[in-house]
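K.L.:
Next up is a structure, given as structure tokens.
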Amino acid sequence: MSFIKHLKTAALAVTLAASGLQLAHADANEQFFPLQSYRVGPYAAGGTGFFGGFIDYLNLVNTRDGGVGGVKLTWEEGETQYEVERGVEVYERLKQRPGIATWNPLSVGIAYALIDRVTADKVPLLTINHGRTDTTDGRVFKYIFPLLLNPYSETSGIVNYIAGKEGGADKLKGKKIVVLYHGSPYGKETIPIYELLAKKYGFTLQQIEVPHPGNEQQSQWLAIRRAKPDYVVLRGWGVMNPVALKTAQKTGFPVDHIVGNVWSNSEEDVIPAGDAAKGYVAITTVAAGAQYPVLQEITKTVYGAGKGNLQDPKRIGSVYHNLGVLNGILNVEAIRIAQARFGKRTLTGDEVRWGLENLKIDEARAAALGAKGLFHSINVTWDNHEGDGRVAFQQWDGSKWNVVSDWIAPDWKLLRPIIEKSSLAYAKEKNLKVRKSIDD
Amino acid sequence: MDAGDLSFFAEVLIGGLLSGVMYSLVAIGFVLIYKTSGVLNFAQGAQLLFAALTFVSLVERGVPFAFALALTFALMVLLGLTIERAVLRPLVNQPPITLFMATLGLSYVIEGVAQLVWGTQVHALELGIADEPLQFLGIMVSTFDLFAAVTAGVMVALLSAFFRYTRVGLAFRAVADDTYAAIAVGLRLPRIWATVWAAAGVIALVAGLLWGARLGVQFSLSLVVLKALPVLVLGGFDSILGAIVGGLVIGALEKLAEVYIGPFVGGGIESWFAYVAALAFLLIRPSGLFGQKLVERA
Amino acid sequence: MRTLSLPPWTWPLAVLVIAFGVVPFIASGYVFDALLIPFLALSLAAVGLNLLTGYAGQLSLGTAAFMAVGAFAAYNFNLRVEGLPLLASIGLAGLAATAVGLVFGLPSLRLRGFYLAVSTLAAQFFVQWALTKFGWFSNDSASGVIDAPALEVAGIVFDTPVGRYIFSLSIVTVLTLLAWRLVRTQAGHHFIAVRDNELAARVIGVPVLRTKLLAFAVSSFIVGVAGVLWGFVYLRTVEPAGFNLDRSFQILFIVIIGGLATIRGAFFGAALIVVFPLLLSRAGSFLFGGRFDSGVLDMSQRIVLGALIIFFLAVEPRGLAALWDRARRRFSPA
């Protein structure tokens with residue numbers, strides 16, 4: 001081959017090298033949010049909602065308050081299509097930027113791939129409403145925050161709700177519950193906890209798997225019909241959710257006895273099912289609706305100025321959008337708390353971590369932030385990265401979600417020992433030290 | 001086995017057969033194209049998605065049902081013609097694997113265009129059929145699935161009549177039978193291929209509407225194509241009858257296996273059972289139930 | 001006039017020199033971790049698939065499943081056998097992939113063409129299901145996602161971007177060399193004979209059965225090791241969802257675009273698949289910036305990639321390798 005090829009290879013190498021160089025403009029008054037967002041692919045609807053809400057809140061803080069303590073919030077998106085390796089690529093590309101506050105990928109797979117990386121790079125990773133359950137234990141997982149709800153708490157919350165509907169935990173004895181779960185690690189994560197709770201409360205349990213992606217659920221729902229449970233818990237994802245609701249209707253199971261989990265609780269999950277979804281109930285940590293003060297402000301200030309992130313303003317107030325807004329609230333509040341200690345300037349990842357570990361928002365503070373009723377409260381400590389979030393249940397009436405329960409507390413005391421067992425095993429396997437205080 | 005068990009078995013079986021009809025719908029589109037041009041059109045799923053998305057988006061923008069249907073119909077025909085002209089004709093003498101890869105690239109393009117134009121949101125598709133379960137002799141059957149089965153039946157009947165009694169249909173069969181002979185008697189190949197692709201587009205429309213009503217219209221709709229492949233394997237790539245029988249068999253076997261065998265291995269075997277079943281069957285009959293040619297080229 | 005003709009190994013040697021000797025010093029961490037390492041892993045997988053599909057003519061759509069087998073097997077060998085060196089785990093993982101490959105390759109004795117392809121899809125779905133279903137494979141971790149172990153060979157720990165790059169590069173170089181040699185032996189010629197005309201090959205005495213199985217075996221071994229690289233070195237986690245049908249198609253794209261039945265084609269194709277989407281999205285955000293969200297950019301990218309694939313197949317069906325050869329011939333002396 002010729003000299004030209006030499007040249008081409010060298011040119012390619014140089015280009016590659018150059019493209020990796022980051023022009024780091026360090027602005028002392030900016031806090032940066034790298035966003036591994038997904039706006040395309042099978043989960044695009046959820047992604048556009050969540051990241052839209054997050055960006056909307058950041059815009060609100062910038063516009064209304066001039067940033068946090070004078071520090072402007074900036075962000076950049078990298079499309080991941082919900083794929084792990086693209087999430088990793090975006091991480092590697094953006095991690096050199098100065099002033100990164102937190103990572104918020106909203107994807108279990110991507111979060112897992114990042115755990116080691118963020119710990120080495122000392123920047124917090126937030127997995128709101130989901131994540132690896134044992135990351136709740138902040139003694140082992142210093143930089144990972146499954147804020148508000150981890151999968152185990154969600155399970156307990158659902159069982160408590162069903163108990164409430166039946167008239168008390170003692171009434172659960174003898175009832176039958178089927179858990180219909182997505183055939184993936186996410187779906188299977190709560191299997192042992194349902195079994196534990198079944199033993200504790202005395203209800204019969206059957207757990208049925210739906211193979212990914214869940215286009216076909218005929219056999220599963222016929223089996224359910226045969227089993228005649230009192231409730232079906234839907235632990236779905238993506239297309240599995242509307243198909244479940246439609247198939248339930250097809251096989252004659254009453255939809256108001258289906259309780260959805262936190263990834264089966266959005267408009268995108270029920271709209272494709274049309275009428276079959278009316279009456280369906282799902283768990284949530286953040287209420288739907290655009291009437292909350294903070295959302296009104298966003299509508300007025302951000303969308304009014306044409307800076308709204310959602311293409312369709314009708315989606316303001318949808319579950320994913322509100323989740324994104326809430327994620328924004330939690331992030332910004334953590335930064336504010338950290339700034340009170342470290343100063344009103346660009347914070348390092350570790351400083352933001354400190355802020356997160358002191359993130360306390362009680363009902364009064366939530367109201368002050370314009371979020372009264374949007375969520376209940378959060379109380380993160382250095383060893384409890386979940387923050388004891390409470391859950392409520394919403395029912396779909398064909399056009400919107402209506403809250404039909406109070407804020408219910410999961411059974412944290414029951415779950416904590418199990419979580420600690422798992423996190424300590426992880427620490428042992430990876431030779432990690434177990435922290436003894438917030439400054440460790 | 002008591003009556004309850006028997007009626008449960010019947011429900012699973014019938015449900016499976018009806019699901020199978022839905023698979024056949026998709027498979028028929030493949031068969032049509034494969035029969036006449038030897039191309040395994042992986043983009044059928046993307047065309048399905050495009051049709052469903054277009055229709056639903058038009059309806060949501062206030063276009064009346066029938067008019068939206070007609071408009072989508074026209075668009076699918078246009079799409080089919082464009083594909084034939086822009087993609088297949090330049091590749092006309094390539095080996096089948098190349099053509100298959102081209103349809104894979106094509107599916108990327110169609111999916112991209114569909115979502116670029118209409119957005120990535122999920123939509124509900126209402127065809128006006130309430131999915132209340134019907135009861136026959138204590139066995140529950142889904143109304144919607146019955147409707148789909150009837151539609152598929154009508155479509156197959158129309159296609160069969162088309163192939164047997166119209167000139168264009170005869171031309172299709174001639175081309176499928178022996179391309180060179182067809183050219184020798186003066187049949188215009190490009191025109192026939194264009195018509196075939198347009199027809200496949202229309203089949204994608206029907207399948208897209210039915211599947212969209214079943215699952216909701218969103219990106220994963222294009223994945224139904226993965227269910228059609230074992231059907232094709234079983235029934236033969238070039239036989240419409242095979243697509244139907246194959247669909248029924250696969251649908252029934254799959255559901256029965258999931259319910260009766262699944263629990264022994266923890267469930268979820270539907271994801272691969274159809275493929276393994278088709279594979280096992282093939283080892284006995286390498287060209288499928290009704291397939292004519294042994295596909296030699298790799 | 002005497003024309004200077006360089007020995008055929010000049011080029012590969014030059015590339016290796018640059019790869020080992022120059023790149024480690026000029027590339028940044030991002031380039032290693034996000035570009036070069038996935039490039040190497042995918043290239044290796046493509047080399048493996050090319051042996052099976054390009055040279056031996058057996059179409060396989062289940063490549064990702066064999067990658068998954070490799071990754072999970074390596075993890076389990078490393079975890080459960082005390083004191084087993086990492087390289088031995090990787091080797092055994094390759095053998096595990098070979099075993100699975102042989103099982104799903106047996107139908108090739110009766111099936112051809114698309115029917116065989118569909119049976120490889122059976123492998124794809126079954127393996128993904130089995131790895132998710134049976135917790136043993138992922139050491140019963142509640143989430144089914146496993147963390148890769150540290151990369152340590154003979155006391156040297158490869159935990160920097162450069163280190164991981166060198167680790168992958170070495171493995172890829174060794175296996176590519178072996179593949180390259182295989183293609184030039186009689187077994188390699190048998191591959192091509194079986195691909196071109198199986199009946200004729202049988203007539204002239206090529207052991208068709210053994211040849212096909214050998215192709216599946218060697219290909220699966222290489223693909224299995226590529227899976228280990230992908231999971232251990234690049235992502236550093238392993239989950240079954242990452243080895244799905246899209247991945248299988250991706251590797252097949254690489255093989256076809258790069259050039260069937262060429263070793264260097266695997267690298268050209270992988271370079272295109274890895275680098276191009278990133279360049280395109282950077283160009284897109286540079287040109288259009290915030291006016292379009294990442295969704296629009298990404299859809300456009302999907303369209304362009306699909307169109308490129310069609311374009312390549314129409315213009316140069318023998319792939320980038322053939323394009324390269326043409327360009328080379330135009331510029332070379334005499």
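If you're wondering about the labels, chains in the structure tokens are A, B, ... by order shown, residues count from 1 in each chain, ligands from 1 in order shown.
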Within 12 Å of A:Lys344, counting only C-alpha atoms, which residues show up once you throw out same-chain ones fewer than 6 positions away? Write them as JSON, numbers by chain, please.

P.N.:
{"A": [28, 29, 30, 31, 67, 68, 69, 70, 71, 72, 335, 336, 337, 338, 351]}

K.L.:
Mind listing as JSON, numbers by chain which residues of chain B are within 6 Å of chain A, counting only C-alpha atoms?

P.N.:
{"B": [121, 123, 124, 131, 132, 133, 142, 215, 216, 219, 220, 255, 259, 267, 268, 271]}

K.L.:
Please identify all polymer residues within 9 Å of stretch 80-95 of chain C, counting only C-alpha atoms, omitting same-chain residues fewer than 3 positions from it, and present them as a PDB file with N, CA and C atoms, in the first residue's frame.

P.N.:
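part.pdb, freshly written:
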ATOM      1  N   VAL C  69     -21.976 -15.216  25.800  1.00  0.00           N
ATOM      2  CA  VAL C  69     -21.459 -16.447  26.409  1.00  0.00           C
ATOM      3  C   VAL C  69     -20.025 -16.233  26.854  1.00  0.00           C
ATOM      4  N   GLY C  70     -19.227 -15.622  25.981  1.00  0.00           N
ATOM      5  CA  GLY C  70     -17.831 -15.365  26.332  1.00  0.00           C
ATOM      6  C   GLY C  70     -17.726 -14.515  27.588  1.00  0.00           C
ATOM      7  N   ALA C  71     -18.469 -13.423  27.630  1.00  0.00           N
ATOM      8  CA  ALA C  71     -18.357 -12.504  28.763  1.00  0.00           C
ATOM      9  C   ALA C  71     -18.780 -13.185  30.066  1.00  0.00           C
ATOM     10  N   PHE C  72     -19.933 -13.841  30.044  1.00  0.00           N
ATOM     11  CA  PHE C  72     -20.401 -14.483  31.272  1.00  0.00           C
ATOM     12  C   PHE C  72     -19.521 -15.654  31.682  1.00  0.00           C
ATOM     13  N   ALA C  73     -19.043 -16.399  30.698  1.00  0.00           N
ATOM     14  CA  ALA C  73     -18.181 -17.535  31.026  1.00  0.00           C
ATOM     15  C   ALA C  73     -16.895 -17.053  31.671  1.00  0.00           C
ATOM     16  N   ALA C  74     -16.311 -16.015  31.099  1.00  0.00           N
ATOM     17  CA  ALA C  74     -15.066 -15.492  31.671  1.00  0.00           C
ATOM     18  C   ALA C  74     -15.298 -15.051  33.111  1.00  0.00           C
ATOM     19  N   TYR C  75     -16.423 -14.370  33.318  1.00  0.00           N
ATOM     20  CA  TYR C  75     -16.733 -13.914  34.674  1.00  0.00           C
ATOM     21  C   TYR C  75     -16.825 -15.096  35.627  1.00  0.00           C
ATOM     22  N   ASN C  76     -17.536 -16.146  35.209  1.00  0.00           N
ATOM     23  CA  ASN C  76     -17.729 -17.274  36.104  1.00  0.00           C
ATOM     24  C   ASN C  76     -16.455 -18.066  36.348  1.00  0.00           C
ATOM     25  N   PHE C  77     -15.658 -18.259  35.300  1.00  0.00           N
ATOM     26  CA  PHE C  77     -14.387 -18.959  35.507  1.00  0.00           C
ATOM     27  C   PHE C  77     -13.514 -18.183  36.470  1.00  0.00           C
ATOM     28  N   THR C  98     -17.177 -21.563  22.048  1.00  0.00           N
ATOM     29  CA  THR C  98     -17.026 -22.561  20.988  1.00  0.00           C
ATOM     30  C   THR C  98     -18.028 -23.687  21.169  1.00  0.00           C
ATOM     31  N   ALA C  99     -18.144 -24.145  22.408  1.00  0.00           N
ATOM     32  CA  ALA C  99     -19.069 -25.243  22.664  1.00  0.00           C
ATOM     33  C   ALA C  99     -20.487 -24.862  22.256  1.00  0.00           C
ATOM     34  N   VAL C 100     -20.927 -23.679  22.702  1.00  0.00           N
ATOM     35  CA  VAL C 100     -22.272 -23.225  22.356  1.00  0.00           C
ATOM     36  C   VAL C 100     -22.392 -23.036  20.850  1.00  0.00           C
ATOM     37  N   LEU C 151      -8.413  -6.117  35.663  1.00  0.00           N
ATOM     38  CA  LEU C 151      -7.622  -6.743  34.612  1.00  0.00           C
ATOM     39  C   LEU C 151      -6.177  -6.863  35.086  1.00  0.00           C
ATOM     40  N   GLU C 152      -5.827  -8.071  35.461  1.00  0.00           N
ATOM     41  CA  GLU C 152      -4.476  -8.222  35.979  1.00  0.00           C
ATOM     42  C   GLU C 152      -3.804  -9.396  35.311  1.00  0.00           C
ATOM     43  N   VAL C 153      -2.660  -9.165  34.691  1.00  0.00           N
ATOM     44  CA  VAL C 153      -1.913 -10.243  34.058  1.00  0.00           C
ATOM     45  C   VAL C 153      -0.502 -10.229  34.597  1.00  0.00           C
ATOM     46  N   ALA C 154      -0.098 -11.350  35.179  1.00  0.00           N
ATOM     47  CA  ALA C 154       1.275 -11.496  35.701  1.00  0.00           C
ATOM     48  C   ALA C 154       1.672 -10.315  36.579  1.00  0.00           C
ATOM     49  N   ALA C 217     -16.649 -23.276  15.121  1.00  0.00           N
ATOM     50  CA  ALA C 217     -15.841 -23.348  16.333  1.00  0.00           C
ATOM     51  C   ALA C 217     -14.883 -22.174  16.442  1.00  0.00           C
ATOM     52  N   SER C 220     -16.710 -18.798  16.775  1.00  0.00           N
ATOM     53  CA  SER C 220     -17.311 -18.591  18.099  1.00  0.00           C
ATOM     54  C   SER C 220     -16.251 -18.291  19.136  1.00  0.00           C
ATOM     55  N   PHE C 221     -15.100 -18.941  19.028  1.00  0.00           N
ATOM     56  CA  PHE C 221     -14.030 -18.676  19.986  1.00  0.00           C
ATOM     57  C   PHE C 221     -13.644 -17.203  19.946  1.00  0.00           C
ATOM     58  N   ILE C 222     -13.389 -16.736  18.726  1.00  0.00           N
ATOM     59  CA  ILE C 222     -12.947 -15.347  18.584  1.00  0.00           C
ATOM     60  C   ILE C 222     -14.045 -14.387  19.045  1.00  0.00           C
ATOM     61  N   VAL C 223     -15.275 -14.685  18.632  1.00  0.00           N
ATOM     62  CA  VAL C 223     -16.383 -13.811  19.026  1.00  0.00           C
ATOM     63  C   VAL C 223     -16.558 -13.832  20.546  1.00  0.00           C
ATOM     64  N   GLY C 224     -16.375 -14.995  21.167  1.00  0.00           N
ATOM     65  CA  GLY C 224     -16.485 -15.084  22.617  1.00  0.00           C
ATOM     66  C   GLY C 224     -15.452 -14.203  23.302  1.00  0.00           C
ATOM     67  N   VAL C 225     -14.218 -14.248  22.827  1.00  0.00           N
ATOM     68  CA  VAL C 225     -13.189 -13.391  23.415  1.00  0.00           C
ATOM     69  C   VAL C 225     -13.528 -11.925  23.194  1.00  0.00           C
ATOM     70  N   ALA C 226     -14.073 -11.612  22.010  1.00  0.00           N
ATOM     71  CA  ALA C 226     -14.483 -10.226  21.758  1.00  0.00           C
ATOM     72  C   ALA C 226     -15.525  -9.799  22.781  1.00  0.00           C
ATOM     73  N   VAL C 228     -15.737 -10.862  25.828  1.00  0.00           N
ATOM     74  CA  VAL C 228     -15.035 -10.589  27.085  1.00  0.00           C
ATOM     75  C   VAL C 228     -14.457  -9.177  27.046  1.00  0.00           C
TER      76      VAL C 228
END

K.L.:
Write out as number ranges by chain the residues lying within 10 Å of stretch 96-109 of chain B, counting only C-alpha atoms and excluding same-chain residues fewer than 6 positions away.

P.N.:
B: 37-47, 83, 87-88, 222, 295, 297-298; C: 59, 113-114, 249, 252-253, 256-257, 299-314, 317-318

K.L.:
Grab the residues selected above and save them as a compact mmCIF listing (two decimals), in the first residue's frame with C-alpha atoms.

P.N.:
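Result written to again12.txt:
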# COMPACT_ATOMS: atom_id res chain seq x y z
CA SER B 37 -38.07 -10.85 -6.18
CA GLY B 38 -36.19 -13.15 -3.85
CA VAL B 39 -35.68 -10.42 -1.28
CA LEU B 40 -36.31 -11.01 2.39
CA ASN B 41 -37.64 -7.61 3.30
CA PHE B 42 -36.62 -6.94 6.85
CA ALA B 43 -38.01 -3.42 6.51
CA GLN B 44 -41.54 -4.82 6.63
CA GLY B 45 -41.62 -4.02 10.35
CA ALA B 46 -40.52 -0.46 9.76
CA GLN B 47 -43.16 -0.08 7.05
CA ILE B 83 -38.20 1.66 -2.17
CA VAL B 87 -33.08 0.76 -3.19
CA LEU B 88 -33.87 -2.45 -4.97
CA SER B 222 -41.50 -2.71 14.30
CA VAL B 295 -32.50 -21.55 -0.32
CA ARG B 297 -27.16 -19.15 -1.46
CA ALA B 298 -25.78 -17.81 1.72
CA LEU C 59 -24.82 -16.64 7.64
CA GLY C 113 -28.96 -19.55 3.65
CA PHE C 114 -31.76 -17.76 5.44
CA PHE C 249 -26.94 -6.87 13.38
CA LEU C 252 -23.01 -8.13 10.61
CA PHE C 253 -23.13 -4.58 9.26
CA ILE C 256 -20.55 -6.45 5.19
CA ILE C 257 -19.57 -2.81 4.96
CA MET C 299 -32.99 10.31 14.04
CA SER C 300 -31.17 12.06 11.25
CA GLN C 301 -28.11 10.06 12.13
CA ARG C 302 -30.08 6.86 11.95
CA ILE C 303 -31.35 7.82 8.54
CA VAL C 304 -27.91 8.73 7.28
CA LEU C 305 -26.42 5.50 8.61
CA GLY C 306 -29.13 3.42 6.99
CA ALA C 307 -28.75 5.32 3.74
CA LEU C 308 -24.98 4.88 3.89
CA ILE C 309 -25.40 1.16 4.28
CA ILE C 310 -27.65 1.00 1.25
CA PHE C 311 -25.31 3.26 -0.65
CA PHE C 312 -22.27 1.16 0.15
CA LEU C 313 -24.02 -2.01 -0.79
CA ALA C 314 -25.05 -0.49 -4.11
CA PRO C 317 -20.75 -4.47 -2.54
CA ARG C 318 -17.41 -5.84 -1.56

K.L.:
Ranking B:Leu6, B:Ile183, B:Leu229, B:Met22 by minimum distance to B:Ala252 and counting only C-alpha atoms, which one comes first?

P.N.:
B:Met22

K.L.:
Compile the contact shell of B:Met155 as a list of chain:residue names: residues with an atom at most 10 Å away, counting only C-alpha atoms, same-chain residues fewer than 6 positions apart removed.

P.N.:
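So, after excluding close chain neighbours, the residues are B:Leu25, B:Ile28, B:Ala149, B:Ala161, B:Ile203, B:Val206.
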
K.L.:
Given the choices B:Ala114, B:Ala181, B:Met140, B:Ala68, which gets closest to chain C if the distance is worked out from only C-alpha atoms?

P.N.:
B:Ala114

K.L.:
Determine, counting only C-alpha atoms, which protein, DNA and RNA residues have an atom within 12 Å of an atom of B:Ala152; residues of the same chain fewer than 4 positions away are not included. Present the result as a PyMOL selection string.

P.N.:
chain B and resi 18-29+145-148+156-159+203-204+206-207+209-211+240+243-244+247

K.L.:
Save out the residues we just selected, C-alpha atoms, as a PDB file, in the first residue's frame.

P.N.:
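Wrote selection38.pdb, looks like this:
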ATOM      1  CA  LEU B  18     -55.652 -16.107  16.931  1.00  0.00           C
ATOM      2  CA  SER B  19     -52.289 -14.641  17.875  1.00  0.00           C
ATOM      3  CA  GLY B  20     -50.818 -16.762  15.160  1.00  0.00           C
ATOM      4  CA  VAL B  21     -53.113 -15.160  12.634  1.00  0.00           C
ATOM      5  CA  MET B  22     -51.668 -11.803  13.591  1.00  0.00           C
ATOM      6  CA  TYR B  23     -48.180 -13.163  12.952  1.00  0.00           C
ATOM      7  CA  SER B  24     -49.302 -14.490   9.593  1.00  0.00           C
ATOM      8  CA  LEU B  25     -50.469 -11.042   8.615  1.00  0.00           C
ATOM      9  CA  VAL B  26     -46.949  -9.762   8.890  1.00  0.00           C
ATOM     10  CA  ALA B  27     -45.463 -12.849   7.290  1.00  0.00           C
ATOM     11  CA  ILE B  28     -47.675 -12.519   4.227  1.00  0.00           C
ATOM     12  CA  GLY B  29     -46.040  -9.219   3.394  1.00  0.00           C
ATOM     13  CA  ASP B 145     -58.593 -11.181  17.881  1.00  0.00           C
ATOM     14  CA  LEU B 146     -61.590 -12.596  16.080  1.00  0.00           C
ATOM     15  CA  PHE B 147     -61.928  -9.395  14.115  1.00  0.00           C
ATOM     16  CA  ALA B 148     -58.242  -9.548  13.216  1.00  0.00           C
ATOM     17  CA  VAL B 156     -55.876 -13.712   2.035  1.00  0.00           C
ATOM     18  CA  ALA B 157     -58.958 -14.462   0.034  1.00  0.00           C
ATOM     19  CA  LEU B 158     -58.537 -11.233  -1.889  1.00  0.00           C
ATOM     20  CA  LEU B 159     -54.890 -11.970  -2.543  1.00  0.00           C
ATOM     21  CA  ILE B 203     -50.330  -5.281   3.639  1.00  0.00           C
ATOM     22  CA  ALA B 204     -48.045  -3.466   6.045  1.00  0.00           C
ATOM     23  CA  VAL B 206     -53.418  -3.478   7.397  1.00  0.00           C
ATOM     24  CA  ALA B 207     -51.030  -5.309   9.705  1.00  0.00           C
ATOM     25  CA  LEU B 209     -53.381  -0.936  12.005  1.00  0.00           C
ATOM     26  CA  LEU B 210     -54.274  -4.220  13.628  1.00  0.00           C
ATOM     27  CA  TRP B 211     -51.042  -4.528  15.582  1.00  0.00           C
ATOM     28  CA  ILE B 240     -48.900 -17.667   1.452  1.00  0.00           C
ATOM     29  CA  ALA B 243     -47.504 -18.292   6.144  1.00  0.00           C
ATOM     30  CA  ILE B 244     -51.011 -18.881   7.438  1.00  0.00           C
ATOM     31  CA  GLY B 247     -48.591 -18.653  11.855  1.00  0.00           C
TER      32      GLY B 247
END

K.L.:
If we count only C-alpha atoms and set the cut-off at 10 Å, which residues sit around A:Ile100, ignoring sequence neighbours fewer than 3 positions away in its own chain? Please answer as a PyMOL selection string.

P.N.:
chain A and resi 30-34+74-75+94-97+103+123-124+346-349+352

K.L.:
Hey, can you spit out that residue selection with C-alpha atoms as a PDB file, in the first residue's frame?

P.N.:
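Written file, selection-v3.pdb:
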ATOM      1  CA  GLU A  30     -21.248  27.855  36.561  1.00  0.00           C
ATOM      2  CA  GLN A  31     -22.454  24.473  37.740  1.00  0.00           C
ATOM      3  CA  PHE A  32     -22.658  21.906  34.995  1.00  0.00           C
ATOM      4  CA  PHE A  33     -25.122  19.055  34.508  1.00  0.00           C
ATOM      5  CA  PRO A  34     -24.109  16.495  31.897  1.00  0.00           C
ATOM      6  CA  THR A  74     -25.547  24.836  32.631  1.00  0.00           C
ATOM      7  CA  TRP A  75     -26.080  21.510  30.933  1.00  0.00           C
ATOM      8  CA  LEU A  94     -18.267  14.916  29.267  1.00  0.00           C
ATOM      9  CA  LYS A  95     -16.531  13.948  32.472  1.00  0.00           C
ATOM     10  CA  GLN A  96     -13.624  16.320  31.901  1.00  0.00           C
ATOM     11  CA  ARG A  97     -15.875  19.355  31.962  1.00  0.00           C
ATOM     12  CA  TRP A 103     -25.006  12.546  36.820  1.00  0.00           C
ATOM     13  CA  VAL A 123     -19.070  12.867  41.377  1.00  0.00           C
ATOM     14  CA  PRO A 124     -22.528  11.828  42.629  1.00  0.00           C
ATOM     15  CA  THR A 346     -18.857  26.331  41.559  1.00  0.00           C
ATOM     16  CA  LEU A 347     -18.763  23.248  43.735  1.00  0.00           C
ATOM     17  CA  THR A 348     -16.782  20.078  43.274  1.00  0.00           C
ATOM     18  CA  GLY A 349     -18.519  16.751  42.925  1.00  0.00           C
ATOM     19  CA  VAL A 352     -22.289  18.332  46.028  1.00  0.00           C
TER      20      VAL A 352
END

K.L.:
Distance atom CA of B:Gly112-atom CA of C:Leu245, one decimal place?

P.N.:
18.3 Å

K.L.:
With distances taken over only C-alpha atoms, which residue among A:Val88, A:Val332, A:Ile298, A:Val319 lies nearest A:Ala282?

P.N.:
A:Val319

K.L.:
Which is closest to B:Phe55 among B:Phe144, B:Phe172, B:Phe237, B:Phe67, if we use only C-alpha atoms?

P.N.:
B:Phe67

K.L.:
Return the single residue from C:Phe104, C:Trp11, C:Tyr115, C:Phe134 that is closest to chain A, with distances computed using only C-alpha atoms.

P.N.:
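Using only C-alpha atoms, chain A sits closest to C:Trp11.
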
K.L.:
Which residue is closest to chain B? Choose from C:Gly284, C:Pro12, C:Gly188, C:Gly319 and count only C-alpha atoms.

P.N.:
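Using only C-alpha atoms, chain B sits closest to C:Gly319.
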
K.L.:
Can you list, as a PyMOL selection string, all residues belonging to stretch 224-380 of chain A that DSSP tags as strand (DSSP E or B)?

P.N.:
chain A and resi 231-235+258-260+281-284+360-361+372+375+378-379

K.L.:
Emit the selected residues as a compact mmCIF listing (two decimals), in the first residue's frame, including N, CA and C atoms.

P.N.:
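Everything below was put into again_36.txt:
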# COMPACT_ATOMS: atom_id res chain seq x y z
N TYR A 231 -55.47 -9.22 43.38
CA TYR A 231 -54.76 -8.08 42.79
C TYR A 231 -53.65 -8.59 41.88
N VAL A 232 -53.37 -7.79 40.87
CA VAL A 232 -52.19 -8.05 40.04
C VAL A 232 -51.29 -6.84 40.16
N VAL A 233 -50.03 -7.07 40.50
CA VAL A 233 -49.06 -5.98 40.52
C VAL A 233 -48.33 -5.99 39.19
N LEU A 234 -48.32 -4.85 38.55
CA LEU A 234 -47.69 -4.77 37.23
C LEU A 234 -46.31 -4.13 37.38
N ARG A 235 -45.30 -4.94 37.11
CA ARG A 235 -43.93 -4.43 37.20
C ARG A 235 -43.38 -4.42 35.78
N ILE A 258 -55.56 -3.79 39.22
CA ILE A 258 -54.17 -3.89 38.78
C ILE A 258 -53.44 -2.70 39.40
N VAL A 259 -52.35 -2.97 40.08
CA VAL A 259 -51.57 -1.90 40.70
C VAL A 259 -50.21 -1.83 39.99
N GLY A 260 -49.92 -0.69 39.42
CA GLY A 260 -48.68 -0.56 38.67
C GLY A 260 -47.54 -0.05 39.52
N VAL A 281 -54.60 1.74 38.62
CA VAL A 281 -53.95 2.48 39.70
C VAL A 281 -52.46 2.22 39.65
N ALA A 282 -51.68 3.24 39.91
CA ALA A 282 -50.23 3.05 39.93
C ALA A 282 -49.59 3.87 41.02
N ILE A 283 -48.44 3.38 41.48
CA ILE A 283 -47.70 4.04 42.56
C ILE A 283 -46.93 5.23 41.99
N THR A 284 -46.66 6.20 42.79
CA THR A 284 -45.83 7.30 42.35
C THR A 284 -45.20 7.99 43.55
N LYS A 360 -32.47 17.68 53.18
CA LYS A 360 -33.69 17.48 53.93
C LYS A 360 -34.73 18.47 53.43
N ILE A 361 -35.80 17.96 52.93
CA ILE A 361 -36.91 18.82 52.54
C ILE A 361 -38.13 18.30 53.26
N LYS A 372 -45.74 21.86 47.17
CA LYS A 372 -46.64 21.23 48.14
C LYS A 372 -47.62 20.33 47.40
N PHE A 375 -44.74 16.29 45.96
CA PHE A 375 -44.16 15.13 46.61
C PHE A 375 -44.26 15.37 48.10
N ILE A 378 -38.28 14.54 51.83
CA ILE A 378 -37.11 13.68 51.66
C ILE A 378 -36.14 13.98 52.79
N ASN A 379 -35.45 12.97 53.23
CA ASN A 379 -34.53 13.13 54.34
C ASN A 379 -33.32 12.25 54.13

K.L.:
Please return, as a ChimeraX atom specification, all residues of stretch 13-202 of chain A that DSSP assigns to alpha helix (DSSP H) on the basis of the backbone.

P.N.:
/A:13-20,44-65,84-94,108-121,151-166,185-188,191-201
